[in-house]
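J.: Sharing coords_28.cif below, mmCIF, C-alpha atoms:
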```
data_upload
#
loop_
_atom_site.label_atom_id
_atom_site.label_comp_id
_atom_site.auth_asym_id
_atom_site.auth_seq_id
_atom_site.Cartn_x
_atom_site.Cartn_y
_atom_site.Cartn_z
CA THR A 1 -86.76 1.16 159.40
CA GLU A 2 -84.71 1.71 162.52
CA LEU A 3 -83.80 5.35 163.05
CA LYS A 4 -80.78 5.71 165.32
CA THR A 5 -79.83 8.91 167.05
CA GLU A 6 -76.56 9.02 165.10
CA ASP A 7 -78.60 8.74 161.88
CA VAL A 8 -80.69 11.67 163.04
CA GLU A 9 -77.58 13.77 163.59
CA ALA A 10 -76.18 12.87 160.17
CA LEU A 11 -79.46 13.69 158.45
CA ARG A 12 -79.67 17.03 160.23
CA ARG A 13 -76.08 17.91 159.24
CA GLY A 14 -76.92 17.07 155.65
CA GLY A 15 -79.82 19.50 155.61
CA VAL A 16 -82.45 16.78 155.46
CA ASN A 17 -85.95 17.65 156.67
CA LEU A 18 -86.20 14.79 159.15
CA GLU A 19 -89.92 15.12 159.80
CA ALA A 20 -90.71 15.07 156.07
CA HIS A 21 -88.40 12.09 155.63
CA ILE A 22 -90.17 10.06 158.29
CA GLU A 23 -93.56 11.04 156.93
CA ASN A 24 -92.39 9.63 153.59
CA LEU A 25 -91.40 6.37 155.26
CA LYS A 26 -94.80 6.03 156.90
CA GLN A 27 -96.61 7.02 153.69
CA TYR A 28 -95.09 3.98 152.04
CA GLY A 29 -96.00 1.67 154.89
CA VAL A 30 -92.66 1.55 156.67
CA PRO A 31 -92.99 1.25 160.48
CA VAL A 32 -90.64 3.68 162.20
CA VAL A 33 -88.63 2.60 165.24
CA VAL A 34 -86.73 5.22 167.20
CA ALA A 35 -83.58 3.33 168.23
CA VAL A 36 -81.98 5.13 171.14
CA ASN A 37 -78.29 4.24 171.17
CA ARG A 38 -76.52 3.06 174.27
CA PHE A 39 -74.01 5.87 174.76
CA ASP A 40 -74.51 9.55 175.63
CA THR A 41 -78.22 9.44 174.92
CA ASP A 42 -78.99 11.39 178.05
CA SER A 43 -77.76 14.53 176.28
CA GLN A 44 -80.63 16.96 175.99
CA ALA A 45 -80.08 17.38 172.25
CA GLU A 46 -80.60 13.68 171.56
CA LEU A 47 -83.60 13.48 173.89
CA ASP A 48 -85.08 16.45 172.05
CA GLU A 49 -84.67 14.52 168.79
CA VAL A 50 -86.51 11.53 170.27
CA ALA A 51 -89.32 13.83 171.36
CA ALA A 52 -89.49 15.48 167.93
CA ILE A 53 -89.78 12.15 166.14
CA CYS A 54 -92.44 10.87 168.54
CA GLU A 55 -94.44 14.10 168.46
CA ARG A 56 -94.37 15.13 164.82
CA CYS A 57 -93.59 11.95 162.94
CA GLY A 58 -95.76 9.31 164.52
CA ALA A 59 -93.10 6.77 165.41
CA ASP A 60 -94.49 3.27 165.88
CA PHE A 61 -92.04 2.08 168.53
CA ALA A 62 -89.02 3.28 170.44
CA LEU A 63 -86.19 0.81 171.12
CA SER A 64 -83.73 1.67 173.86
CA ASP A 65 -80.43 -0.18 174.22
CA VAL A 66 -79.14 0.44 177.76
CA PHE A 67 -77.05 -2.71 178.22
CA ALA A 68 -73.66 -1.01 178.44
CA ARG A 69 -74.63 1.36 181.21
CA GLY A 70 -73.62 0.17 184.63
CA GLY A 71 -75.36 0.73 187.95
CA ASP A 72 -78.46 2.85 187.66
CA GLY A 73 -77.32 4.46 184.40
CA GLY A 74 -79.57 2.27 182.28
CA ILE A 75 -82.60 3.03 184.42
CA GLU A 76 -81.92 6.74 184.36
CA LEU A 77 -81.63 6.72 180.58
CA ALA A 78 -84.75 4.58 180.12
CA GLU A 79 -86.75 6.80 182.47
CA LYS A 80 -85.89 9.87 180.42
CA VAL A 81 -86.75 8.17 177.15
CA HIS A 82 -89.97 6.65 178.52
CA ALA A 83 -91.14 9.98 179.84
CA LEU A 84 -91.00 11.22 176.26
CA THR A 85 -92.51 8.19 174.57
CA LYS A 86 -95.43 8.01 177.03
CA LYS A 87 -96.22 11.63 176.29
CA TYR A 88 -96.76 10.76 172.63
CA ASN A 89 -98.23 7.25 173.14
CA VAL A 90 -95.25 5.50 171.58
CA PRO A 91 -94.49 2.04 173.07
CA LEU A 92 -90.98 1.72 174.46
CA ILE A 93 -89.16 -1.59 173.93
CA ILE A 94 -86.05 -2.12 176.09
CA ASP A 95 -83.30 -4.22 174.52
CA ASP A 96 -82.04 -7.12 176.69
CA ARG A 97 -82.88 -5.75 180.15
CA ILE A 98 -86.21 -6.79 181.69
CA ASP A 99 -85.10 -5.31 185.01
CA VAL A 100 -84.85 -1.90 183.39
CA ALA A 101 -88.12 -2.45 181.49
CA LEU A 102 -89.91 -3.24 184.76
CA ALA A 103 -88.26 -0.43 186.65
CA VAL A 104 -89.49 2.21 184.21
CA GLY A 105 -92.79 0.55 183.25
CA ALA A 106 -91.84 0.11 179.58
CA GLU A 107 -94.26 -1.57 177.20
CA GLY A 108 -91.94 -4.31 176.05
CA VAL A 109 -88.54 -5.96 175.88
CA HIS A 110 -86.50 -7.66 173.15
CA LEU A 111 -84.39 -10.60 174.25
CA GLY A 112 -81.54 -12.55 172.69
CA LYS A 113 -80.36 -16.07 173.41
CA GLU A 114 -77.88 -14.86 176.01
CA ASP A 115 -80.58 -12.95 177.90
CA MET A 116 -83.24 -14.26 180.27
CA PRO A 117 -85.27 -17.20 178.83
CA ILE A 118 -88.47 -16.05 177.16
CA ALA A 119 -90.66 -18.30 179.34
CA THR A 120 -89.15 -16.84 182.49
CA ALA A 121 -89.56 -13.31 181.17
CA ARG A 122 -93.21 -14.00 180.31
CA ARG A 123 -93.93 -15.30 183.82
CA ILE A 124 -92.39 -12.19 185.31
CA LEU A 125 -93.83 -9.66 182.89
CA GLY A 126 -97.34 -11.05 182.37
CA ASP A 127 -99.50 -11.42 179.28
CA ASN A 128 -99.83 -7.76 178.32
CA PHE A 129 -96.13 -7.09 177.94
CA ILE A 130 -94.59 -7.11 174.43
CA ILE A 131 -91.77 -9.64 174.22
CA GLY A 132 -89.68 -9.96 171.09
CA ALA A 133 -86.98 -12.57 170.60
CA THR A 134 -84.00 -13.14 168.36
CA ALA A 135 -83.91 -16.61 166.79
CA LYS A 136 -81.32 -18.23 164.53
CA THR A 137 -82.49 -21.86 164.54
CA VAL A 138 -85.83 -23.70 164.50
CA PRO A 139 -85.39 -25.09 168.05
CA TRP A 140 -84.50 -21.60 169.25
CA ALA A 141 -87.59 -20.17 167.52
CA LEU A 142 -89.87 -22.88 168.94
CA GLU A 143 -88.50 -22.30 172.42
CA ALA A 144 -89.15 -18.58 172.09
CA TYR A 145 -92.67 -19.08 170.75
CA GLU A 146 -93.60 -21.69 173.35
CA GLY A 147 -92.15 -19.43 176.01
CA GLY A 148 -94.48 -16.62 175.00
CA ALA A 149 -92.66 -14.44 172.46
CA ASP A 150 -94.89 -12.11 170.44
CA TYR A 151 -92.59 -11.85 167.43
CA LEU A 152 -89.19 -13.04 166.17
CA GLY A 153 -86.27 -11.32 164.50
CA VAL A 154 -84.29 -13.81 162.38
CA GLY A 155 -80.86 -13.19 160.85
CA ALA A 156 -78.44 -11.91 159.96
CA ILE A 157 -79.32 -12.92 156.42
CA TYR A 158 -76.26 -11.03 155.15
CA PRO A 159 -73.27 -9.49 156.94
CA THR A 160 -74.18 -6.18 158.56
CA THR A 161 -72.32 -3.30 160.14
CA THR A 162 -75.21 -2.50 162.49
CA LYS A 163 -74.13 -5.20 164.94
CA VAL A 164 -70.58 -5.71 166.17
CA LYS A 165 -70.83 -9.51 165.88
CA THR A 166 -72.70 -10.98 162.93
CA VAL A 167 -73.80 -14.63 162.85
CA LEU A 168 -75.42 -15.49 159.53
CA THR A 169 -78.69 -17.38 159.23
CA SER A 170 -79.51 -19.21 155.99
CA THR A 171 -82.72 -18.54 154.10
CA ASP A 172 -83.54 -22.26 154.42
CA THR A 173 -83.46 -21.85 158.18
CA LEU A 174 -85.54 -18.67 157.92
CA ALA A 175 -88.17 -20.55 155.90
CA ASP A 176 -88.18 -23.43 158.36
CA ILE A 177 -88.68 -21.01 161.26
CA CYS A 178 -91.64 -19.36 159.48
CA LYS A 179 -93.26 -22.77 159.03
CA ALA A 180 -92.54 -23.80 162.61
CA VAL A 181 -94.13 -20.89 164.48
CA PRO A 182 -97.43 -18.96 164.05
CA ILE A 183 -96.11 -15.61 165.31
CA PRO A 184 -94.67 -12.89 163.03
CA VAL A 185 -91.15 -13.58 161.79
CA ASN A 186 -89.06 -10.70 160.48
CA ALA A 187 -85.87 -11.07 158.45
CA ILE A 188 -82.98 -8.82 159.36
CA GLY A 189 -79.35 -8.25 158.51
CA GLY A 190 -77.72 -6.57 155.50
CA LEU A 191 -80.90 -6.53 153.43
CA ASN A 192 -81.47 -4.09 150.55
CA LYS A 193 -83.40 -3.84 147.29
CA ASN A 194 -80.66 -5.65 145.36
CA ASN A 195 -80.49 -8.77 147.53
CA ILE A 196 -83.95 -9.38 149.00
CA ASP A 197 -84.79 -11.74 146.13
CA VAL A 198 -83.45 -14.51 148.36
CA LEU A 199 -86.51 -13.98 150.57
CA ALA A 200 -89.02 -14.63 147.77
CA GLY A 201 -91.42 -17.43 148.65
CA ILE A 202 -90.61 -17.32 152.36
CA PRO A 203 -93.69 -16.37 154.46
CA ILE A 204 -92.03 -13.67 156.57
CA ALA A 205 -94.04 -10.89 158.20
CA GLY A 206 -91.59 -8.23 157.11
CA ILE A 207 -88.00 -7.14 156.66
CA CYS A 208 -85.93 -4.95 158.99
CA VAL A 209 -83.39 -2.58 157.47
CA VAL A 210 -81.19 0.26 158.64
CA SER A 211 -78.38 1.00 156.19
CA ALA A 212 -80.46 0.32 153.07
CA ILE A 213 -82.53 3.40 153.83
CA MET A 214 -80.64 5.54 156.30
CA LYS A 215 -77.34 5.49 154.35
CA ALA A 216 -78.96 6.02 150.96
CA GLU A 217 -78.42 9.29 149.09
CA SER A 218 -82.20 9.66 149.04
CA PRO A 219 -83.87 7.73 151.87
CA LYS A 220 -87.27 8.47 150.32
CA ILE A 221 -86.35 6.92 146.98
CA ALA A 222 -84.63 4.03 148.71
CA THR A 223 -87.79 3.34 150.70
CA ILE A 224 -90.01 3.43 147.62
CA GLU A 225 -87.69 1.18 145.65
CA LEU A 226 -87.22 -1.29 148.49
CA LYS A 227 -90.94 -1.65 149.08
CA ALA A 228 -91.64 -1.88 145.34
CA ARG A 229 -89.09 -4.65 144.97
CA ALA A 230 -90.46 -6.47 148.01
CA LYS A 231 -93.98 -6.27 146.54
CA GLU A 232 -92.72 -7.44 143.16
CA LEU A 233 -91.20 -10.49 144.80
CA GLY A 234 -94.32 -11.14 146.88
CA ILE A 235 -92.42 -10.64 150.14
CA ILE A 236 -94.90 -8.08 151.51
#
```
Would you encode the structure as structure tokens?
T.:
Amino acid sequence: TELKTEDVEALRRGGVNLEAHIENLKQYGVPVVVAVNRFDTDSQAELDEVAAICERCGADFALSDVFARGGDGGIELAEKVHALTKKYNVPLIIDDRIDVALAVGAEGVHLGKEDMPIATARRILGDNFIIGATAKTVPWALEAYEGGADYLGVGAIYPTTTKVKTVLTSTDTLADICKAVPIPVNAIGGLNKNNIDVLAGIPIAGICVVSAIMKAESPKIATIELKARAKELGII
């Protein structure tokens, strides 16, 4: 699940024990990504939350979106976040910006179609750098894989409020992408326990969700039910 800083704030306001919540997620096999939002994340309060999650909750990755910050703002933000994630051995993935990733020595980058080509990024970043790619078609997925992507995010399967612009990807296309490339393919976009049946029989590596867990009345129960349903369908 992707834990955004605004989700953290909402959980805190609601009296949720955040550390216990994340421990529950990890207990049920849910990788935790600390998603640092693109605005006002250099506030000390939000940076403290990132540190708390990394230190006490064993986050698996941190994803920092710095695209909207002009000048050196993105680098300054990424440096602050990376200083925290390095302290707790949590890999930092920078969204879109390989220049920022290189500048701060991040562990990886996630690139979309409108960003630098994967092959070019791989030549610049080398073999030990994590490169993720968004793919919505088989040719796009093949290009990313052949260019050196380590994993793919495919969707949106359903409309989602997490992204401003949503372009849907059919499950037929998702299945074709899984067959076309040998790297992990993860489905994303509007997925929850009531609609993931459309993924049954498709050899995905996993599903990515935000709202299905973070907006649930009980994130713990939502996590258990989502994973149980995914297992029942043979998705994971």
J.: State, in Å with one decimal place, the distance from atom CA of A:Val100 to atom CA of A:Val138.
T.: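 Taking atom CA of A:Val100 and atom CA of A:Val138, their separation equals 28.9 Å.
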J.: Apply the PyMOL selection byres ((chain A and resi 190) around 6) to the displayed file and report the matching residues as number ranges by chain.
T.: A: 158-160, 189, 191
J.: Which residues, named as in the file, does the PyMOL selection byres ((chain A and resi 104) around 8) pick out? Answer as a list of chain:residue names.
T.: A:Ile75, A:Ala78, A:Glu79, A:His82, A:Val100, A:Ala101, A:Leu102, A:Ala103, A:Gly105, A:Ala106
J.: Pull C-alpha atoms from the residues just selected and write them as an mmCIF file, in the coordinates of the input.
T.:
```cif
data_model
loop_
_atom_site.group_PDB
_atom_site.id
_atom_site.type_symbol
_atom_site.label_atom_id
_atom_site.label_comp_id
_atom_site.auth_asym_id
_atom_site.auth_seq_id
_atom_site.Cartn_x
_atom_site.Cartn_y
_atom_site.Cartn_z
ATOM 1 C CA ILE A 75 -82.600 3.030 184.420
ATOM 2 C CA ALA A 78 -84.750 4.580 180.120
ATOM 3 C CA GLU A 79 -86.750 6.800 182.470
ATOM 4 C CA HIS A 82 -89.970 6.650 178.520
ATOM 5 C CA VAL A 100 -84.850 -1.900 183.390
ATOM 6 C CA ALA A 101 -88.120 -2.450 181.490
ATOM 7 C CA LEU A 102 -89.910 -3.240 184.760
ATOM 8 C CA ALA A 103 -88.260 -0.430 186.650
ATOM 9 C CA GLY A 105 -92.790 0.550 183.250
ATOM 10 C CA ALA A 106 -91.840 0.110 179.580
#
```
J.: Run the PyMOL selection byres ((chain A and resi 226) around 12) on the file and write out the hits as a ChimeraX atom specification.
T.: /A:1,25,28-30,191-197,206-213,216,219-225,227-233,235-236
J.: Keeping only C-alpha atoms, write the selected residues to a file as a PDB file, in the frame of the given file.
T.:
```
ATOM      1  CA  THR A   1     -86.760   1.160 159.400  1.00  0.00           C
ATOM      2  CA  LEU A  25     -91.400   6.370 155.260  1.00  0.00           C
ATOM      3  CA  TYR A  28     -95.090   3.980 152.040  1.00  0.00           C
ATOM      4  CA  GLY A  29     -96.000   1.670 154.890  1.00  0.00           C
ATOM      5  CA  VAL A  30     -92.660   1.550 156.670  1.00  0.00           C
ATOM      6  CA  LEU A 191     -80.900  -6.530 153.430  1.00  0.00           C
ATOM      7  CA  ASN A 192     -81.470  -4.090 150.550  1.00  0.00           C
ATOM      8  CA  LYS A 193     -83.400  -3.840 147.290  1.00  0.00           C
ATOM      9  CA  ASN A 194     -80.660  -5.650 145.360  1.00  0.00           C
ATOM     10  CA  ASN A 195     -80.490  -8.770 147.530  1.00  0.00           C
ATOM     11  CA  ILE A 196     -83.950  -9.380 149.000  1.00  0.00           C
ATOM     12  CA  ASP A 197     -84.790 -11.740 146.130  1.00  0.00           C
ATOM     13  CA  GLY A 206     -91.590  -8.230 157.110  1.00  0.00           C
ATOM     14  CA  ILE A 207     -88.000  -7.140 156.660  1.00  0.00           C
ATOM     15  CA  CYS A 208     -85.930  -4.950 158.990  1.00  0.00           C
ATOM     16  CA  VAL A 209     -83.390  -2.580 157.470  1.00  0.00           C
ATOM     17  CA  VAL A 210     -81.190   0.260 158.640  1.00  0.00           C
ATOM     18  CA  SER A 211     -78.380   1.000 156.190  1.00  0.00           C
ATOM     19  CA  ALA A 212     -80.460   0.320 153.070  1.00  0.00           C
ATOM     20  CA  ILE A 213     -82.530   3.400 153.830  1.00  0.00           C
ATOM     21  CA  ALA A 216     -78.960   6.020 150.960  1.00  0.00           C
ATOM     22  CA  PRO A 219     -83.870   7.730 151.870  1.00  0.00           C
ATOM     23  CA  LYS A 220     -87.270   8.470 150.320  1.00  0.00           C
ATOM     24  CA  ILE A 221     -86.350   6.920 146.980  1.00  0.00           C
ATOM     25  CA  ALA A 222     -84.630   4.030 148.710  1.00  0.00           C
ATOM     26  CA  THR A 223     -87.790   3.340 150.700  1.00  0.00           C
ATOM     27  CA  ILE A 224     -90.010   3.430 147.620  1.00  0.00           C
ATOM     28  CA  GLU A 225     -87.690   1.180 145.650  1.00  0.00           C
ATOM     29  CA  LYS A 227     -90.940  -1.650 149.080  1.00  0.00           C
ATOM     30  CA  ALA A 228     -91.640  -1.880 145.340  1.00  0.00           C
ATOM     31  CA  ARG A 229     -89.090  -4.650 144.970  1.00  0.00           C
ATOM     32  CA  ALA A 230     -90.460  -6.470 148.010  1.00  0.00           C
ATOM     33  CA  LYS A 231     -93.980  -6.270 146.540  1.00  0.00           C
ATOM     34  CA  GLU A 232     -92.720  -7.440 143.160  1.00  0.00           C
ATOM     35  CA  LEU A 233     -91.200 -10.490 144.800  1.00  0.00           C
ATOM     36  CA  ILE A 235     -92.420 -10.640 150.140  1.00  0.00           C
ATOM     37  CA  ILE A 236     -94.900  -8.080 151.510  1.00  0.00           C
TER      38      ILE A 236
END
```
J.: Counting all atoms listed in the file, what is within 12 Å of A:Gly126, bar same-chain residues fewer than 3 positions away, as an MDAnalysis selection string?
T.: chainID A and resid 98 102 107:108 118:123 129:131 147:149
J.: Would you mind telling me which residue in A:Asn89, A:Thr166, A:Thr137, A:Thr161 lies nearest to A:Cys178 when using all atoms listed in the file?
T.: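 Counting all atoms listed in the file, the residue closest to A:Cys178 is A:Thr137.
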J.: Return the single residue from A:Ala83, A:Val90, A:Gly155, A:Tyr145 that is closest to A:Leu168, with distances computed using only C-alpha atoms.
T.: A:Gly155
J.: Using Å and a single decimal, report how far atom CA of A:Lys136 sits from atom CA of A:Ala180.
T.: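 Computing the Euclidean distance for atom CA of A:Ala180 and atom CA of A:Lys136 yields 12.7 Å.
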J.: Interatomic distance between atom CA of A:Ile188 and atom CA of A:Asp127?
T.: 26.0 Å
J.: Could you check which of A:Ala175, A:Leu92, A:Ile183, A:Ile157 is closest to A:Ile202, using only C-alpha atoms?
T.: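 Among the listed residues, A:Ala175 lies closest to A:Ile202.
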J.: Report, as AutoDock Vina command-line options, the centre and edge lengths in Å (one decimal) of the axis-aligned box enclosing every listed atom of stretch 92-103 of chain A, padded by 8 Å on each side.
T.:
```
--center_x -86.5 --center_y -2.7 --center_z 180.3 --size_x 24.9 --size_y 24.8 --size_z 28.7
```
J.: Using only C-alpha atoms, can you tell me which of A:Ile177, A:Val185, A:Ile94, A:Leu111 comes closest to A:Leu142?
T.: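 Between A:Ile177, A:Val185, A:Ile94, A:Leu111, the residue approaching A:Leu142 most closely is A:Ile177.
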J.: Here is a test: counting only C-alpha atoms, which residue of A:Ser170, A:Glu143, A:Gly153, A:Gly132 is nearest to A:Val198?
T.: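 The shortest atom-to-atom distance to A:Val198 comes from A:Ser170.
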J.: Reconstruct stretch 113-133 of chain A at the level of N, CA, C and O atoms, and format the result as a PDB file, in the frame of the given file.
T.:
```pdb
ATOM      1  N   LYS A 113     -80.592 -14.758 172.819  1.00  0.00           N
ATOM      2  CA  LYS A 113     -80.360 -16.070 173.410  1.00  0.00           C
ATOM      3  C   LYS A 113     -79.575 -15.991 174.706  1.00  0.00           C
ATOM      4  O   LYS A 113     -79.727 -16.817 175.604  1.00  0.00           O
ATOM      5  N   GLU A 114     -78.711 -14.991 174.817  1.00  0.00           N
ATOM      6  CA  GLU A 114     -77.880 -14.860 176.010  1.00  0.00           C
ATOM      7  C   GLU A 114     -78.590 -14.123 177.137  1.00  0.00           C
ATOM      8  O   GLU A 114     -78.040 -13.973 178.218  1.00  0.00           O
ATOM      9  N   ASP A 115     -79.809 -13.664 176.871  1.00  0.00           N
ATOM     10  CA  ASP A 115     -80.580 -12.950 177.900  1.00  0.00           C
ATOM     11  C   ASP A 115     -81.467 -13.940 178.660  1.00  0.00           C
ATOM     12  O   ASP A 115     -81.382 -15.148 178.475  1.00  0.00           O
ATOM     13  N   MET A 116     -82.324 -13.420 179.506  1.00  0.00           N
ATOM     14  CA  MET A 116     -83.240 -14.260 180.270  1.00  0.00           C
ATOM     15  C   MET A 116     -84.116 -15.097 179.330  1.00  0.00           C
ATOM     16  O   MET A 116     -84.573 -14.601 178.292  1.00  0.00           O
ATOM     17  N   PRO A 117     -84.381 -16.382 179.660  1.00  0.00           N
ATOM     18  CA  PRO A 117     -85.270 -17.200 178.830  1.00  0.00           C
ATOM     19  C   PRO A 117     -86.627 -16.532 178.656  1.00  0.00           C
ATOM     20  O   PRO A 117     -87.153 -15.897 179.581  1.00  0.00           O
ATOM     21  N   ILE A 118     -87.197 -16.692 177.464  1.00  0.00           N
ATOM     22  CA  ILE A 118     -88.470 -16.050 177.160  1.00  0.00           C
ATOM     23  C   ILE A 118     -89.562 -16.494 178.128  1.00  0.00           C
ATOM     24  O   ILE A 118     -90.359 -15.674 178.612  1.00  0.00           O
ATOM     25  N   ALA A 119     -89.619 -17.792 178.438  1.00  0.00           N
ATOM     26  CA  ALA A 119     -90.660 -18.300 179.340  1.00  0.00           C
ATOM     27  C   ALA A 119     -90.567 -17.653 180.715  1.00  0.00           C
ATOM     28  O   ALA A 119     -91.585 -17.307 181.328  1.00  0.00           O
ATOM     29  N   THR A 120     -89.346 -17.479 181.189  1.00  0.00           N
ATOM     30  CA  THR A 120     -89.150 -16.840 182.490  1.00  0.00           C
ATOM     31  C   THR A 120     -89.575 -15.374 182.431  1.00  0.00           C
ATOM     32  O   THR A 120     -90.253 -14.861 183.331  1.00  0.00           O
ATOM     33  N   ALA A 121     -89.183 -14.718 181.339  1.00  0.00           N
ATOM     34  CA  ALA A 121     -89.560 -13.310 181.170  1.00  0.00           C
ATOM     35  C   ALA A 121     -91.072 -13.161 181.114  1.00  0.00           C
ATOM     36  O   ALA A 121     -91.644 -12.242 181.707  1.00  0.00           O
ATOM     37  N   ARG A 122     -91.749 -14.089 180.425  1.00  0.00           N
ATOM     38  CA  ARG A 122     -93.210 -14.000 180.310  1.00  0.00           C
ATOM     39  C   ARG A 122     -93.876 -14.182 181.671  1.00  0.00           C
ATOM     40  O   ARG A 122     -94.848 -13.483 181.995  1.00  0.00           O
ATOM     41  N   ARG A 123     -93.358 -15.103 182.482  1.00  0.00           N
ATOM     42  CA  ARG A 123     -93.930 -15.300 183.820  1.00  0.00           C
ATOM     43  C   ARG A 123     -93.776 -14.044 184.661  1.00  0.00           C
ATOM     44  O   ARG A 123     -94.681 -13.680 185.432  1.00  0.00           O
ATOM     45  N   ILE A 124     -92.659 -13.382 184.519  1.00  0.00           N
ATOM     46  CA  ILE A 124     -92.390 -12.190 185.310  1.00  0.00           C
ATOM     47  C   ILE A 124     -93.201 -10.995 184.793  1.00  0.00           C
ATOM     48  O   ILE A 124     -93.772 -10.226 185.582  1.00  0.00           O
ATOM     49  N   LEU A 125     -93.268 -10.870 183.480  1.00  0.00           N
ATOM     50  CA  LEU A 125     -93.830  -9.660 182.890  1.00  0.00           C
ATOM     51  C   LEU A 125     -95.337  -9.725 182.649  1.00  0.00           C
ATOM     52  O   LEU A 125     -95.979  -8.692 182.505  1.00  0.00           O
ATOM     53  N   GLY A 126     -95.901 -10.923 182.579  1.00  0.00           N
ATOM     54  CA  GLY A 126     -97.340 -11.050 182.370  1.00  0.00           C
ATOM     55  C   GLY A 126     -97.720 -11.064 180.898  1.00  0.00           C
ATOM     56  O   GLY A 126     -96.876 -10.941 180.004  1.00  0.00           O
ATOM     57  N   ASP A 127     -99.010 -11.209 180.641  1.00  0.00           N
ATOM     58  CA  ASP A 127     -99.500 -11.420 179.280  1.00  0.00           C
ATOM     59  C   ASP A 127     -99.586 -10.151 178.443  1.00  0.00           C
ATOM     60  O   ASP A 127     -99.632 -10.231 177.215  1.00  0.00           O
ATOM     61  N   ASN A 128     -99.623  -9.005 179.067  1.00  0.00           N
ATOM     62  CA  ASN A 128     -99.830  -7.760 178.320  1.00  0.00           C
ATOM     63  C   ASN A 128     -98.544  -7.050 177.933  1.00  0.00           C
ATOM     64  O   ASN A 128     -98.583  -5.955 177.377  1.00  0.00           O
ATOM     65  N   PHE A 129     -97.431  -7.676 178.222  1.00  0.00           N
ATOM     66  CA  PHE A 129     -96.130  -7.090 177.940  1.00  0.00           C
ATOM     67  C   PHE A 129     -95.642  -7.585 176.588  1.00  0.00           C
ATOM     68  O   PHE A 129     -95.718  -8.777 176.300  1.00  0.00           O
ATOM     69  N   ILE A 130     -95.141  -6.703 175.738  1.00  0.00           N
ATOM     70  CA  ILE A 130     -94.590  -7.110 174.430  1.00  0.00           C
ATOM     71  C   ILE A 130     -93.223  -7.752 174.644  1.00  0.00           C
ATOM     72  O   ILE A 130     -92.339  -7.147 175.254  1.00  0.00           O
ATOM     73  N   ILE A 131     -93.071  -8.973 174.139  1.00  0.00           N
ATOM     74  CA  ILE A 131     -91.770  -9.640 174.220  1.00  0.00           C
ATOM     75  C   ILE A 131     -91.358 -10.088 172.827  1.00  0.00           C
ATOM     76  O   ILE A 131     -92.031 -10.895 172.191  1.00  0.00           O
ATOM     77  N   GLY A 132     -90.260  -9.538 172.355  1.00  0.00           N
ATOM     78  CA  GLY A 132     -89.680  -9.960 171.090  1.00  0.00           C
ATOM     79  C   GLY A 132     -88.458 -10.809 171.353  1.00  0.00           C
ATOM     80  O   GLY A 132     -87.829 -10.698 172.406  1.00  0.00           O
ATOM     81  N   ALA A 133     -88.122 -11.673 170.407  1.00  0.00           N
ATOM     82  CA  ALA A 133     -86.980 -12.570 170.600  1.00  0.00           C
ATOM     83  C   ALA A 133     -86.174 -12.686 169.321  1.00  0.00           C
ATOM     84  O   ALA A 133     -86.726 -12.662 168.212  1.00  0.00           O
TER      85      ALA A 133
END
```
